[in-house]
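> If you scroll down you'll find the structure; I have some questions about it.
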Amino acid sequence: LTITQAQGDCIRLRTNTTNNSFKYGIIKQEPYNNNALGVQIIGGKSDSGYSEVAIGGGIDGGYAATHIDFYTGATTTTTTGTRRLRITSAGLVGINRTDPQHTLEVGGNVYITANTSTANTGAGLLFQAKTGGFNSTSNAAIKGLRVNDTSAYLVFETGGTTERLRIASNGNVSIGNNPTVASDTLFHVEKAGETNVKFEGNTTTLGARLSLQNNNTAAGALNQIDFNDAGGQSTSSIKGFNTDQTNNYGELAFFTRSAQGSPPAERLRILSGGE
């Protein structure tokens, strides 16, 4: 044991082993049964190809810790302190959690950041379920990617690294295979083949319902369903007009387009009385 004070106090573990050979050292606690093996607090190994520090066990067969706790204090004179992190005997980790029941539990926010100024790069959570162990390829992911220093967007990947859902920085949402987020569309579903959207319920009366609501109270306020061509132009539409907000009356109109450059024209209207 060597204690020096030239550049600060130091505890150094030495051995009589010659140079260029494997060495290890351990700090131990006397165990409850006074066994000579002791409880390993911290130890180190050094060889030609690696250096290793082990906390709570792993060095020479001494008693390993059943759990490892990390404490902090609010001031320089705080006694005992507060436990901030625990690693249980099962390998479960709790941060600001007293009794973790999962591989990692965090009591508070988790801040994920990437030091980058490059657009469309960032950080995220990567998920993998793989026979034979870990590799660097994810099966699914949630990523926050950069727009600028104060803005980002979220990408959800499944089936490897294929993007399935994106939430743009302005809140617009797009779903599909590598979806395109349209700047003027709040919600967009896109797929190369047939795209189906299904609403399913299970009640003795109404099973599912699609509601379009216009919160403007003016007479004639409307909701609309458009049918578009490949260029995104409306070829036909169905409009529901709120004609009387007090009595909740409405009319339904059907529109089709017959001339390029002209909007779809009304062809049929069903009045509130069914006429």
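Starting from 1 in every chain, residues are counted up; chains themselves are A, B, ... following the order of the structure tokens, and ligands are numbered from 1 as listed.
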Which residues are close to A:His102, i.e. within 9 Å by only C-alpha atoms, leaving aside same-chain residues fewer than 6 positions away? Reply as a ChimeraX atom specification.

/A:92-94

> Restricted to N, CA and C atoms, what would the selected residues look like written as a JSON list (two decimals), in the first residue's frame?


[["chain", "number", "residue", "atom", "x", "y", "z"],
["A", 92, "LEU", "N", -30.84, -5.75, -12.65],
["A", 92, "LEU", "CA", -31.80, -4.70, -12.93],
["A", 92, "LEU", "C", -31.27, -3.36, -12.43],
["A", 93, "VAL", "N", -31.48, -2.32, -13.21],
["A", 93, "VAL", "CA", -30.92, -1.01, -12.89],
["A", 93, "VAL", "C", -32.05, -0.03, -12.65],
["A", 94, "GLY", "N", -31.99, 0.67, -11.53],
["A", 94, "GLY", "CA", -32.97, 1.70, -11.23],
["A", 94, "GLY", "C", -32.29, 3.03, -10.98]]

> Could you go through stretch 165-199 of chain A and tell me which residues DSSP, when run on the backbone, assigns to strand (DSSP E or B), listing them as a CSV table (one decimal) with N, CA and C atoms, in the first residue's frame?


chain,number,residue,atom,x,y,z
A,165,LEU,N,-43.7,5.6,-39.9
A,165,LEU,CA,-44.5,6.8,-39.5
A,165,LEU,C,-43.5,7.9,-39.2
A,166,ARG,N,-44.0,9.1,-39.5
A,166,ARG,CA,-43.2,10.3,-39.3
A,166,ARG,C,-44.1,11.4,-38.7
A,167,ILE,N,-43.6,12.1,-37.6
A,167,ILE,CA,-44.3,13.3,-37.1
A,167,ILE,C,-43.4,14.4,-37.4
A,173,VAL,N,-48.6,14.4,-39.5
A,173,VAL,CA,-48.3,13.0,-39.3
A,173,VAL,C,-48.5,12.3,-40.7
A,174,SER,N,-47.5,11.4,-41.0
A,174,SER,CA,-47.6,10.6,-42.2
A,174,SER,C,-47.3,9.1,-41.8
A,175,ILE,N,-48.1,8.2,-42.4
A,175,ILE,CA,-48.0,6.8,-42.1
A,175,ILE,C,-47.8,6.1,-43.5
A,176,GLY,N,-46.9,5.1,-43.5
A,176,GLY,CA,-46.7,4.3,-44.7
A,176,GLY,C,-45.2,3.8,-44.8
A,187,PHE,N,-52.7,14.9,-41.6
A,187,PHE,CA,-52.5,13.4,-41.5
A,187,PHE,C,-52.5,12.8,-42.9
A,188,HIS,N,-51.5,12.0,-43.2
A,188,HIS,CA,-51.3,11.5,-44.5
A,188,HIS,C,-51.0,10.0,-44.4
A,189,VAL,N,-51.7,9.2,-45.2
A,189,VAL,CA,-51.4,7.7,-45.2
A,189,VAL,C,-51.0,7.4,-46.7
A,190,GLU,N,-49.9,6.7,-46.8
A,190,GLU,CA,-49.3,6.5,-48.1
A,190,GLU,C,-48.8,5.1,-48.2

> Enumerate, in order of chain and increasing residue number, the residues of stretch 57-153 of chain A with an atom no farther than 10 Å from stretch 41-49 of chain A, each with its shortest atom pair and distance in Å to one decimal, counting only C-alpha atoms, as a Markdown table.


| residue | atom | partner | partner_atom | distance |
| --- | --- | --- | --- | --- |
| A:Gly57 | CA | A:Ile41 | CA | 6.9 |
| A:Gly58 | CA | A:Gly43 | CA | 8.2 |
| A:Ile59 | CA | A:Gly43 | CA | 6.6 |
| A:Asp60 | CA | A:Gly43 | CA | 9.2 |
| A:Gly62 | CA | A:Ile41 | CA | 9.9 |
| A:Tyr63 | CA | A:Ile41 | CA | 9.3 |
| A:Ala64 | CA | A:Ile41 | CA | 8.2 |
| A:Ala65 | CA | A:Ile41 | CA | 7.7 |
| A:Ile68 | CA | A:Ile41 | CA | 9.5 |

> Tell me which protein, DNA and RNA residues are within 8 Å of stretch 252-268 of chain A, counting only C-alpha atoms, leaving out same-chain ones fewer than 4 positions away, and put them as a PyMOL selection string.

chain A and resi 234-241

> Any chance you could export the current selection's N, CA and C atoms as a compact mmCIF listing (two decimals), in the first residue's frame?


# COMPACT_ATOMS: atom_id res chain seq x y z
N SER A 234 -58.37 17.24 -57.24
CA SER A 234 -59.67 16.69 -56.90
C SER A 234 -60.48 16.47 -58.18
N THR A 235 -60.96 15.23 -58.37
CA THR A 235 -61.81 14.92 -59.52
C THR A 235 -63.28 14.87 -59.14
N SER A 236 -63.54 14.63 -57.87
CA SER A 236 -64.91 14.61 -57.37
C SER A 236 -64.86 14.79 -55.86
N SER A 237 -66.01 15.12 -55.29
CA SER A 237 -66.03 15.34 -53.84
C SER A 237 -67.45 15.22 -53.32
N ILE A 238 -67.54 15.01 -52.02
CA ILE A 238 -68.82 15.00 -51.30
C ILE A 238 -68.69 16.04 -50.19
N LYS A 239 -69.67 16.97 -50.15
CA LYS A 239 -69.62 18.04 -49.17
C LYS A 239 -70.86 17.98 -48.27
N GLY A 240 -70.61 18.15 -46.99
CA GLY A 240 -71.70 18.23 -46.03
C GLY A 240 -71.79 19.65 -45.49
N PHE A 241 -72.90 20.35 -45.73
CA PHE A 241 -73.09 21.74 -45.32
C PHE A 241 -73.88 21.81 -44.03

> With 12 Å as the cut-off and only C-alpha atoms counted, what is the closest atom pair between each nearby residue of stretch 10-116 of chain A and stretch 147-155 of chain A? Distances in Å to one decimal, ordered by chain and number, as JSON lines.


{"residue": "A:Thr113", "atom": "CA", "partner": "A:Ala152", "partner_atom": "CA", "distance": 11.2}
{"residue": "A:Ala114", "atom": "CA", "partner": "A:Asp149", "partner_atom": "CA", "distance": 10.9}
{"residue": "A:Asn115", "atom": "CA", "partner": "A:Asp149", "partner_atom": "CA", "distance": 10.2}
{"residue": "A:Thr116", "atom": "CA", "partner": "A:Asp149", "partner_atom": "CA", "distance": 9.1}

> Excluding same-chain residues fewer than 3 positions from A:Thr246, what lies within 12 Å of it counting only C-alpha atoms, as a list in words?

Thr217, Ala218, Ala219, Asn242, Thr243, Tyr249 and Gly250 of chain A

> Tell me, as a PyMOL selection string, which residues lie within 6 Å of stretch 106-111 of chain A, counting only C-alpha atoms; anything in the same chain fewer than 3 positions away does not count.

chain A and resi 94-97

> How would the residues just chosen look if you wrote them out with C-alpha atoms as a PDB file, in the first residue's frame?


ATOM      1  CA  GLY A  94     -32.970   1.705 -11.229  1.00  0.00           C
ATOM      2  CA  ILE A  95     -32.197   5.421 -11.505  1.00  0.00           C
ATOM      3  CA  ASN A  96     -34.163   7.345  -8.889  1.00  0.00           C
ATOM      4  CA  ARG A  97     -36.018   4.053  -8.331  1.00  0.00           C
TER       5      ARG A  97
END
